[in-house]
file query_0.tsv (TSV, C-alpha atoms)
chain	number	residue	atom	x	y	z
A	1	MET	CA	141.38	139.73	143.10
A	2	HIS	CA	139.96	140.35	139.63
A	3	ALA	CA	143.11	138.89	138.06
A	4	PHE	CA	142.87	135.80	140.29
A	5	GLY	CA	139.22	135.34	139.30
A	6	GLN	CA	140.11	135.48	135.63
A	7	ILE	CA	142.94	133.00	136.03
A	8	LEU	CA	140.72	130.65	138.03
A	9	LYS	CA	138.06	130.82	135.32
A	10	ILE	CA	140.62	130.05	132.61
A	11	GLU	CA	142.19	127.19	134.56
A	12	THR	CA	138.78	125.70	135.28
A	13	ARG	CA	137.90	125.84	131.60
A	14	LEU	CA	141.18	124.16	130.66
A	15	PHE	CA	140.63	121.47	133.31
A	16	LEU	CA	137.16	120.66	132.02
A	17	ARG	CA	138.29	120.78	128.41
A	18	ASP	CA	140.90	118.12	129.13
A	19	PHE	CA	138.50	115.18	129.21
A	20	GLY	CA	140.97	112.93	131.01
A	21	SER	CA	141.26	115.10	134.12
A	22	PRO	CA	137.61	115.11	135.26
A	23	LEU	CA	137.26	111.51	134.05
A	24	THR	CA	140.04	110.18	136.28
A	25	THR	CA	139.49	112.44	139.29
A	26	VAL	CA	135.70	112.35	139.60
A	27	ALA	CA	134.06	109.95	137.14
A	28	LEU	CA	136.39	106.97	137.69
A	29	PRO	CA	135.93	106.67	141.49
A	30	LEU	CA	132.19	107.12	141.08
A	31	ALA	CA	132.04	104.49	138.33
A	32	LEU	CA	133.94	102.01	140.50
A	33	LEU	CA	131.56	102.71	143.38
A	34	LEU	CA	128.62	101.90	141.12
A	35	VAL	CA	130.23	98.74	139.74
A	36	PHE	CA	131.13	97.33	143.16
A	37	GLY	CA	127.85	98.51	144.66
A	38	LEU	CA	125.82	96.65	142.06
A	39	ILE	CA	127.42	93.35	143.08
A	40	PRO	CA	125.06	91.89	145.75
A	41	ALA	CA	127.89	90.25	147.70
A	42	GLY	CA	129.62	93.61	147.94
A	43	ARG	CA	126.74	95.00	150.00
A	44	GLN	CA	126.68	92.22	152.59
A	45	PRO	CA	128.48	92.69	155.93
A	46	GLU	CA	131.55	90.48	156.28
A	47	ALA	CA	133.54	89.60	159.39
A	48	GLN	CA	136.84	90.19	157.57
A	49	PHE	CA	135.81	93.83	157.08
A	50	GLY	CA	134.82	94.30	160.71
A	51	ASP	CA	131.13	93.57	159.99
A	52	LEU	CA	131.17	96.16	157.22
A	53	SER	CA	130.23	95.48	153.63
A	54	PHE	CA	132.99	95.53	151.03
A	55	ILE	CA	131.63	98.74	149.53
A	56	GLN	CA	131.78	100.47	152.94
A	57	TYR	CA	135.30	99.17	153.51
A	58	PHE	CA	136.51	100.18	150.06
A	59	ALA	CA	134.85	103.61	149.82
A	60	PRO	CA	137.78	105.54	151.40
A	61	SER	CA	140.14	103.91	148.90
A	62	LEU	CA	137.97	105.25	146.08
A	63	LEU	CA	138.48	108.72	147.50
A	64	VAL	CA	142.24	108.08	147.43
A	65	ILE	CA	142.01	107.92	143.61
A	66	THR	CA	140.81	111.52	143.46
A	67	LEU	CA	143.33	112.71	146.03
A	68	ALA	CA	146.26	111.03	144.29
A	69	MET	CA	145.27	112.11	140.79
A	70	SER	CA	144.61	115.73	141.76
A	71	ALA	CA	147.48	116.33	144.18
A	72	VAL	CA	150.44	114.25	143.04
A	73	ASN	CA	149.73	113.69	139.36
A	74	ILE	CA	147.88	116.60	137.76
A	75	LEU	CA	149.05	119.50	139.98
A	76	PRO	CA	152.84	119.06	139.67
A	77	THR	CA	152.65	118.24	135.96
A	78	VAL	CA	150.61	121.35	135.18
A	79	LEU	CA	152.88	123.64	137.20
A	80	ALA	CA	156.05	122.14	135.71
A	81	THR	CA	154.59	122.51	132.21
A	82	TYR	CA	153.83	126.18	132.84
A	83	ARG	CA	157.36	126.74	134.14
A	84	GLU	CA	158.91	124.94	131.15
A	85	ARG	CA	156.89	127.04	128.68
A	86	GLY	CA	157.73	130.28	130.46
A	87	VAL	CA	154.15	130.97	131.52
A	88	LEU	CA	155.12	131.62	135.14
A	89	ARG	CA	157.94	133.94	134.12
A	90	ARG	CA	155.69	135.97	131.82
A	91	LEU	CA	152.98	136.22	134.48
A	92	ALA	CA	155.53	137.81	136.80
A	93	THR	CA	155.58	140.86	134.49
A	94	THR	CA	151.79	141.32	134.56
A	95	PRO	CA	149.30	142.36	137.28
A	96	ALA	CA	148.34	138.66	137.45
A	97	SER	CA	151.28	137.25	139.42
A	98	PRO	CA	152.45	133.61	139.20
A	99	ALA	CA	151.22	133.21	142.77
A	100	ALA	CA	147.67	133.77	141.49
A	101	LEU	CA	148.10	130.88	139.06
A	102	LEU	CA	149.46	128.67	141.83
A	103	ALA	CA	146.52	129.62	144.06
A	104	ALA	CA	144.07	128.91	141.23
A	105	GLN	CA	145.54	125.43	140.75
A	106	LEU	CA	145.24	124.70	144.47
A	107	VAL	CA	141.63	125.93	144.53
A	108	LEU	CA	140.84	123.77	141.51
A	109	SER	CA	142.40	120.71	143.15
A	110	LEU	CA	140.49	121.31	146.38
A	111	ALA	CA	137.21	121.81	144.50
A	112	THR	CA	137.75	118.56	142.58
A	113	ILE	CA	138.43	116.64	145.78
A	114	LEU	CA	135.38	118.15	147.47
A	115	VAL	CA	133.08	117.34	144.55
A	116	SER	CA	134.34	113.76	144.41
A	117	ALA	CA	133.95	113.28	148.17
A	118	VAL	CA	130.39	114.63	148.13
A	119	LEU	CA	129.44	112.43	145.16
A	120	LEU	CA	130.95	109.28	146.67
A	121	ILE	CA	129.27	109.86	150.03
A	122	GLY	CA	125.94	110.92	148.50
A	123	VAL	CA	125.68	108.19	145.86
A	124	GLY	CA	126.90	105.56	148.30
A	125	ARG	CA	124.21	106.57	150.76
A	126	LEU	CA	121.33	106.94	148.29
A	127	ALA	CA	122.09	104.02	145.99
A	128	PHE	CA	123.69	101.43	148.28
A	129	ASP	CA	122.73	102.49	151.80
A	130	VAL	CA	126.34	103.19	152.75
A	131	PRO	CA	126.14	105.12	156.04
A	132	LEU	CA	127.23	108.72	156.09
A	133	PRO	CA	130.52	109.33	157.93
A	134	ARG	CA	129.60	108.60	161.54
A	135	ARG	CA	132.30	110.90	162.90
A	136	PRO	CA	131.81	113.88	160.59
A	137	LEU	CA	134.27	116.13	162.39
A	138	GLY	CA	136.88	113.39	162.54
A	139	PHE	CA	136.28	112.55	158.88
A	140	THR	CA	136.57	116.20	157.87
A	141	LEU	CA	139.80	116.58	159.84
A	142	ALA	CA	141.26	113.38	158.37
A	143	LEU	CA	140.29	114.47	154.85
A	144	VAL	CA	141.69	117.99	155.30
A	145	LEU	CA	145.01	116.77	156.72
A	146	GLY	CA	145.35	113.96	154.18
A	147	THR	CA	144.59	116.38	151.36
A	148	ALA	CA	147.05	118.93	152.72
A	149	ALA	CA	149.79	116.28	152.96
A	150	LEU	CA	149.32	115.13	149.38
A	151	LEU	CA	149.05	118.66	147.99
A	152	ALA	CA	152.26	119.58	149.80
A	153	LEU	CA	153.99	116.55	148.27
A	154	GLY	CA	152.64	117.50	144.86
A	155	LEU	CA	153.98	121.05	145.27
A	156	LEU	CA	157.33	119.62	146.33
A	157	VAL	CA	157.50	117.62	143.11
A	158	ALA	CA	156.57	120.77	141.15
A	159	ALA	CA	159.26	122.72	143.00
A	160	VAL	CA	162.13	120.42	142.06
A	161	ALA	CA	160.98	119.39	138.56
A	162	ARG	CA	162.18	121.76	135.85
A	163	THR	CA	160.20	120.17	133.02
A	164	ALA	CA	156.92	118.34	132.56
A	165	LYS	CA	158.77	115.08	131.83
A	166	SER	CA	160.81	115.32	135.00
A	167	ALA	CA	157.65	116.11	136.98
A	168	GLN	CA	155.99	112.99	135.60
A	169	ALA	CA	159.09	110.92	136.34
A	170	LEU	CA	158.92	112.01	139.98
A	171	ALA	CA	155.15	112.00	140.30
A	172	VAL	CA	154.42	108.55	138.87
A	173	PRO	CA	156.28	106.54	141.55
A	174	LEU	CA	154.74	108.72	144.26
A	175	PHE	CA	151.30	108.32	142.70
A	176	MET	CA	151.67	104.54	142.52
A	177	ALA	CA	152.82	104.35	146.14
A	178	VAL	CA	149.85	106.41	147.33
A	179	MET	CA	147.44	104.26	145.32
A	180	PHE	CA	149.02	101.00	146.51
A	181	PHE	CA	149.16	101.84	150.20
A	182	GLY	CA	145.73	103.47	149.94
A	183	GLY	CA	144.25	100.10	148.97
A	184	VAL	CA	143.29	101.01	145.40
A	185	TYR	CA	145.34	98.47	143.44
A	186	VAL	CA	144.88	95.69	146.00
A	187	PRO	CA	142.21	95.96	148.73
A	188	ARG	CA	143.98	96.37	152.04
A	189	PHE	CA	142.50	93.23	153.61
A	190	LEU	CA	144.50	91.20	151.05
A	191	LEU	CA	147.80	92.86	151.96
A	192	PRO	CA	150.23	91.59	154.62
A	193	ASP	CA	149.77	93.30	157.98
A	194	PHE	CA	153.05	95.23	157.77
A	195	LEU	CA	152.00	96.80	154.45
A	196	VAL	CA	148.63	97.72	155.92
A	197	ARG	CA	150.41	99.42	158.84
A	198	ILE	CA	152.64	101.34	156.43
A	199	GLY	CA	149.49	102.43	154.59
A	200	ASP	CA	148.01	103.72	157.83
A	201	TYR	CA	150.77	106.33	158.00
A	202	THR	CA	151.11	107.03	154.29
A	203	PRO	CA	149.28	110.12	152.99
A	204	PRO	CA	146.38	110.56	152.74
A	205	GLY	CA	145.93	108.24	155.74
A	206	VAL	CA	143.22	105.92	154.47
A	207	GLN	CA	142.81	104.22	157.87
A	208	ALA	CA	141.90	107.52	159.52
A	209	LEU	CA	139.29	108.11	156.80
A	210	LEU	CA	137.89	104.60	157.27
A	211	ASP	CA	137.80	104.92	161.06
A	212	ALA	CA	135.92	108.22	160.98
A	213	TRP	CA	133.55	106.96	158.28
A	214	THR	CA	132.63	103.85	160.26
A	215	GLY	CA	132.34	105.46	163.70
A	216	THR	CA	135.77	105.23	165.32
A	217	SER	CA	137.74	108.33	166.21
A	218	PRO	CA	140.83	108.60	163.97
A	219	HIS	CA	144.05	107.75	165.78
A	220	PRO	CA	145.86	110.97	166.78
A	221	LEU	CA	149.16	109.58	165.50
A	222	HIS	CA	147.68	109.02	162.04
A	223	LEU	CA	146.45	112.62	161.94
A	224	GLY	CA	149.67	113.95	163.43
A	225	ILE	CA	151.81	112.34	160.75
A	226	MET	CA	149.61	113.81	158.01
A	227	ALA	CA	150.07	117.25	159.59
A	228	VAL	CA	153.84	116.79	159.85
A	229	VAL	CA	154.09	115.71	156.20
A	230	ALA	CA	151.97	118.68	155.12
A	231	VAL	CA	154.09	121.20	157.04
A	232	ALA	CA	157.47	119.67	156.17
A	233	ALA	CA	156.78	119.10	152.48
A	234	GLY	CA	154.98	122.43	152.15
A	235	ALA	CA	157.81	124.38	153.77
A	236	THR	CA	160.42	122.61	151.62
A	237	ALA	CA	158.38	123.25	148.47
A	238	ALA	CA	158.05	126.95	149.34
A	239	LYS	CA	161.82	127.20	149.83
A	240	LEU	CA	162.72	125.41	146.60
A	241	PHE	CA	159.96	126.69	144.30
A	242	ARG	CA	161.09	128.87	141.42
A	243	TRP	CA	158.95	130.63	138.85
A	244	GLU	CA	161.45	129.93	136.07

call {"tool": "encode", "arguments": {"input": "query_0.tsv", "output": "C-alpha cells"}}
result
Amino acid sequence: MHAFGQILKIETRLFLRDFGSPLTTVALPLALLLVFGLIPAGRQPEAQFGDLSFIQYFAPSLLVITLAMSAVNILPTVLATYRERGVLRRLATTPASPAALLAAQLVLSLATILVSAVLLIGVGRLAFDVPLPRRPLGFTLALVLGTAALLALGLLVAAVARTAKSAQALAVPLFMAVMFFGGVYVPRFLLPDFLVRIGDYTPPGVQALLDAWTGTSPHPLHLGIMAVVAVAAGATAAKLFRWE
C-alpha cells in the first residue's frame, strides 16, 4: 500500500506538471461552458432542445471531452510509453509492482473525471442556473458505466499497442469517434437522426447522461450496452495486456 501511495503521488505530480493534460481534461470543458454560458441566447429555452437551453443540452457533451481525453487518449499513451521505455518491466523486479502503476493511472483518470464533472455541474448551476442532475442516481449510474466503458477501451488500446506511437495511432481515431458521436465537434441536434442514434449507444452514452441530467430515467438499453462494452473490452484487455 505504501508503494502504491508513492507511485500515485509521483504520477499525480507528473500529470500536473504536464500542462496540457489538466488543460485539456478539466480547464477546456470548463472554459467552453463559460463561453457558451455567457452568450444570452445560449441560456434561453428552445423547442429544438426539448425546452432546454443550449447550455443545458450541451453540458453532457462537455463532460465527454474529459472522458475521452482521460480514458482513450492520455491513459493508453502513458501506459504504452512506460512499456516502451521498460518502466513496467523494471517495476516488476521491485516491491512496487507494475499493477500498482496501472492502478495509479486508473485512480488518476477517475479523479480527473470526477473533478471535471463536479466543476461543470457546480459552475453551470451557480453561474448560469443550469439545474443539477434531476435523476442523481441515474446520472451517477450513467456516468460510472460510461466511464468504465471508455476506460476499458483505453486499456484495450494500451494492451495491444507496443509503443507510444502505435498507441496514438489507435487512440486518435477512437478519440475522434467518441468526440463526434458525443456531440462535441458538432452539436447532436445538427446531426442526422441515424448518427444521433449511433451516438446514443456509443460510449460514454451521452444520451443517458442528458436524460438523467434533465429528469428522464436513462434507457436501460443505453446503460446495458455501456456495461457490455466495459466488461468485454476490460476482459480482452486483461487477457492481452503485457508488462513488456

call {"tool": "atom_distance", "arguments": {"input": "query_0.tsv", "atom1": "CA of Val186 in chain A", "atom2": "CA of Phe19 in chain A"}}
result
26.5 Å

call {"tool": "atom_distance", "arguments": {"input": "query_0.tsv", "atom1": "CA of Thr25 in chain A", "atom2": "CA of Ala71 in chain A"}}
result
10.1 Å

call {"tool": "closest_residue", "arguments": {"input": "query_0.tsv", "among": "A:Ser116, A:Ala103, A:Val123, A:His222", "to": "Gly37 in chain A", "atoms": "only C-alpha atoms"}}
result
A:Val123

call {"tool": "closest_atom_pairs", "arguments": {"input": "query_0.tsv", "of": "range 63-118 of chain A", "to": "range 161-184 of chain A", "cutoff": "6 Å", "atoms": "all atoms listed in the file", "output": "tab-separated table"}}
result
residue	atom	partner	partner_atom	distance
A:Ala68	CA	A:Phe175	CA	5.9
A:Val72	CA	A:Ala171	CA	5.9
A:Asn73	CA	A:Ala171	CA	5.8
A:Thr77	CA	A:Ala164	CA	5.5
A:Ala80	CA	A:Ala164	CA	5.0
A:Thr81	CA	A:Ala164	CA	4.8
A:Glu84	CA	A:Thr163	CA	5.3

call {"tool": "write_last_selection", "arguments": {"input": "query_0.tsv", "atoms": "C-alpha atoms", "output": "PDB file, in the coordinates of the input"}}
result
ATOM      1  CA  ALA A  68     146.260 111.030 144.290  1.00  0.00           C
ATOM      2  CA  VAL A  72     150.440 114.250 143.040  1.00  0.00           C
ATOM      3  CA  ASN A  73     149.730 113.690 139.360  1.00  0.00           C
ATOM      4  CA  THR A  77     152.650 118.240 135.960  1.00  0.00           C
ATOM      5  CA  ALA A  80     156.050 122.140 135.710  1.00  0.00           C
ATOM      6  CA  THR A  81     154.590 122.510 132.210  1.00  0.00           C
ATOM      7  CA  GLU A  84     158.910 124.940 131.150  1.00  0.00           C
TER       8      GLU A  84
END

call {"tool": "residues_around", "arguments": {"input": "query_0.tsv", "residues": "Ile225 in chain A", "least_positions_apart": "3", "cutoff": "10 Å", "atoms": "only C-alpha atoms", "output": "list in words"}}
result
Leu145, Gly146, Ala149, Asp200, Tyr201, Thr202, Pro203, Pro204, Gly205, Pro220, Leu221, His222, Val228, Val229, Ala230 and Val231 of chain A

call {"tool": "atom_distance", "arguments": {"input": "query_0.tsv", "atom1": "CA of Ala235 in chain A", "atom2": "CA of Leu151 in chain A"}}
result
12.0 Å

call {"tool": "closest_residue", "arguments": {"input": "query_0.tsv", "among": "A:Tyr57, A:Ile65, A:Trp243, A:Ala92", "to": "Pro45 in chain A", "atoms": "all atoms listed in the file"}}
result
A:Tyr57

call {"tool": "closest_residue", "arguments": {"input": "query_0.tsv", "among": "A:Leu126, A:Val144, A:Ala59, A:Leu132", "to": "Leu210 in chain A", "atoms": "all atoms listed in the file"}}
result
A:Ala59

call {"tool": "closest_residue", "arguments": {"input": "query_0.tsv", "among": "A:Ile7, A:Leu34, A:Ala232, A:Leu150", "to": "Gly122 in chain A", "atoms": "all atoms listed in the file"}}
result
A:Leu34

call {"tool": "closest_residue", "arguments": {"input": "query_0.tsv", "among": "A:Ile121, A:Leu28, A:Ala212, A:Leu8", "to": "Ser109 in chain A", "atoms": "all atoms listed in the file"}}
result
A:Leu8

call {"tool": "closest_residue", "arguments": {"input": "query_0.tsv", "among": "A:Gly199, A:Pro187, A:Gly20, A:Pro218", "to": "Ser70 in chain A", "atoms": "all atoms listed in the file"}}
result
A:Gly20

call {"tool": "residues_around", "arguments": {"input": "query_0.tsv", "residues": "Arg13 in chain A", "least_positions_apart": "5", "cutoff": "12 Å", "atoms": "only C-alpha atoms", "output": "list in words"}}
result
Gln6, Ile7, Leu8, Asp18, Phe19, Ser21, Pro22, Ala104, Gln105 and Leu108 of chain A

call {"tool": "build_atoms", "arguments": {"input": "query_0.tsv", "residues": "range 15-44 of chain A", "atoms": "N, CA and C atoms", "output": "mmCIF file, in the frame of the given file"}}
result
data_model
loop_
_atom_site.group_PDB
_atom_site.id
_atom_site.type_symbol
_atom_site.label_atom_id
_atom_site.label_comp_id
_atom_site.auth_asym_id
_atom_site.auth_seq_id
_atom_site.Cartn_x
_atom_site.Cartn_y
_atom_site.Cartn_z
ATOM 1 N N PHE A 15 140.791 122.747 132.605
ATOM 2 C CA PHE A 15 140.630 121.470 133.310
ATOM 3 C C PHE A 15 139.463 120.675 132.741
ATOM 4 N N LEU A 16 138.348 121.343 132.527
ATOM 5 C CA LEU A 16 137.160 120.660 132.020
ATOM 6 C C LEU A 16 137.311 120.269 130.556
ATOM 7 N N ARG A 17 138.084 121.063 129.824
ATOM 8 C CA ARG A 17 138.290 120.780 128.410
ATOM 9 C C ARG A 17 139.151 119.534 128.224
ATOM 10 N N ASP A 18 140.072 119.317 129.161
ATOM 11 C CA ASP A 18 140.900 118.120 129.130
ATOM 12 C C ASP A 18 140.068 116.966 129.689
ATOM 13 N N PHE A 19 139.481 116.189 128.799
ATOM 14 C CA PHE A 19 138.500 115.180 129.210
ATOM 15 C C PHE A 19 139.070 114.206 130.228
ATOM 16 N N GLY A 20 140.380 113.915 130.121
ATOM 17 C CA GLY A 20 140.970 112.930 131.010
ATOM 18 C C GLY A 20 141.001 113.343 132.466
ATOM 19 N N SER A 21 141.139 114.649 132.731
ATOM 20 C CA SER A 21 141.260 115.100 134.120
ATOM 21 C C SER A 21 139.978 114.876 134.928
ATOM 22 N N PRO A 22 138.824 115.405 134.489
ATOM 23 C CA PRO A 22 137.610 115.110 135.260
ATOM 24 C C PRO A 22 137.212 113.644 135.228
ATOM 25 N N LEU A 23 137.593 112.940 134.139
ATOM 26 C CA LEU A 23 137.260 111.510 134.050
ATOM 27 C C LEU A 23 137.965 110.722 135.136
ATOM 28 N N THR A 24 139.272 110.974 135.324
ATOM 29 C CA THR A 24 140.040 110.180 136.280
ATOM 30 C C THR A 24 139.880 110.654 137.721
ATOM 31 N N THR A 25 139.573 111.926 137.919
ATOM 32 C CA THR A 25 139.490 112.440 139.290
ATOM 33 C C THR A 25 138.099 112.311 139.895
ATOM 34 N N VAL A 26 137.070 112.380 139.073
ATOM 35 C CA VAL A 26 135.700 112.350 139.600
ATOM 36 C C VAL A 26 134.913 111.166 139.063
ATOM 37 N N ALA A 27 134.903 110.988 137.749
ATOM 38 C CA ALA A 27 134.060 109.950 137.140
ATOM 39 C C ALA A 27 134.546 108.542 137.464
ATOM 40 N N LEU A 28 135.871 108.321 137.451
ATOM 41 C CA LEU A 28 136.390 106.970 137.690
ATOM 42 C C LEU A 28 136.061 106.443 139.082
ATOM 43 N N PRO A 29 136.322 107.189 140.164
ATOM 44 C CA PRO A 29 135.930 106.670 141.490
ATOM 45 C C PRO A 29 134.441 106.414 141.603
ATOM 46 N N LEU A 30 133.640 107.297 141.009
ATOM 47 C CA LEU A 30 132.190 107.120 141.080
ATOM 48 C C LEU A 30 131.760 105.882 140.293
ATOM 49 N N ALA A 31 132.367 105.665 139.135
ATOM 50 C CA ALA A 31 132.040 104.490 138.330
ATOM 51 C C ALA A 31 132.398 103.204 139.079
ATOM 52 N N LEU A 32 133.549 103.192 139.730
ATOM 53 C CA LEU A 32 133.940 102.010 140.500
ATOM 54 C C LEU A 32 132.987 101.770 141.668
ATOM 55 N N LEU A 33 132.548 102.851 142.303
ATOM 56 C CA LEU A 33 131.560 102.710 143.380
ATOM 57 C C LEU A 33 130.293 102.042 142.861
ATOM 58 N N LEU A 34 129.837 102.469 141.700
ATOM 59 C CA LEU A 34 128.620 101.900 141.120
ATOM 60 C C LEU A 34 128.820 100.440 140.739
ATOM 61 N N VAL A 35 129.967 100.121 140.155
ATOM 62 C CA VAL A 35 130.230 98.740 139.740
ATOM 63 C C VAL A 35 130.255 97.814 140.958
ATOM 64 N N PHE A 36 131.030 98.180 141.976
ATOM 65 C CA PHE A 36 131.130 97.330 143.160
ATOM 66 C C PHE A 36 129.812 97.315 143.936
ATOM 67 N N GLY A 37 129.111 98.441 143.933
ATOM 68 C CA GLY A 37 127.850 98.510 144.660
ATOM 69 C C GLY A 37 126.759 97.677 144.045
ATOM 70 N N LEU A 38 126.839 97.440 142.743
ATOM 71 C CA LEU A 38 125.820 96.650 142.060
ATOM 72 C C LEU A 38 126.034 95.144 142.226
ATOM 73 N N ILE A 39 127.164 94.765 142.792
ATOM 74 C CA ILE A 39 127.420 93.350 143.080
ATOM 75 C C ILE A 39 126.778 93.023 144.436
ATOM 76 N N PRO A 40 125.764 92.148 144.479
ATOM 77 C CA PRO A 40 125.060 91.890 145.750
ATOM 78 C C PRO A 40 125.986 91.508 146.900
ATOM 79 N N ALA A 41 126.990 90.679 146.626
ATOM 80 C CA ALA A 41 127.890 90.250 147.700
ATOM 81 C C ALA A 41 128.672 91.423 148.274
ATOM 82 N N GLY A 42 128.872 92.457 147.474
ATOM 83 C CA GLY A 42 129.620 93.610 147.940
ATOM 84 C C GLY A 42 128.868 94.472 148.930
ATOM 85 N N ARG A 43 127.553 94.209 149.070
ATOM 86 C CA ARG A 43 126.740 95.000 150.000
ATOM 87 C C ARG A 43 126.412 94.252 151.280
ATOM 88 N N GLN A 44 126.946 93.027 151.408
ATOM 89 C CA GLN A 44 126.680 92.220 152.590
ATOM 90 C C GLN A 44 127.790 92.386 153.622
#
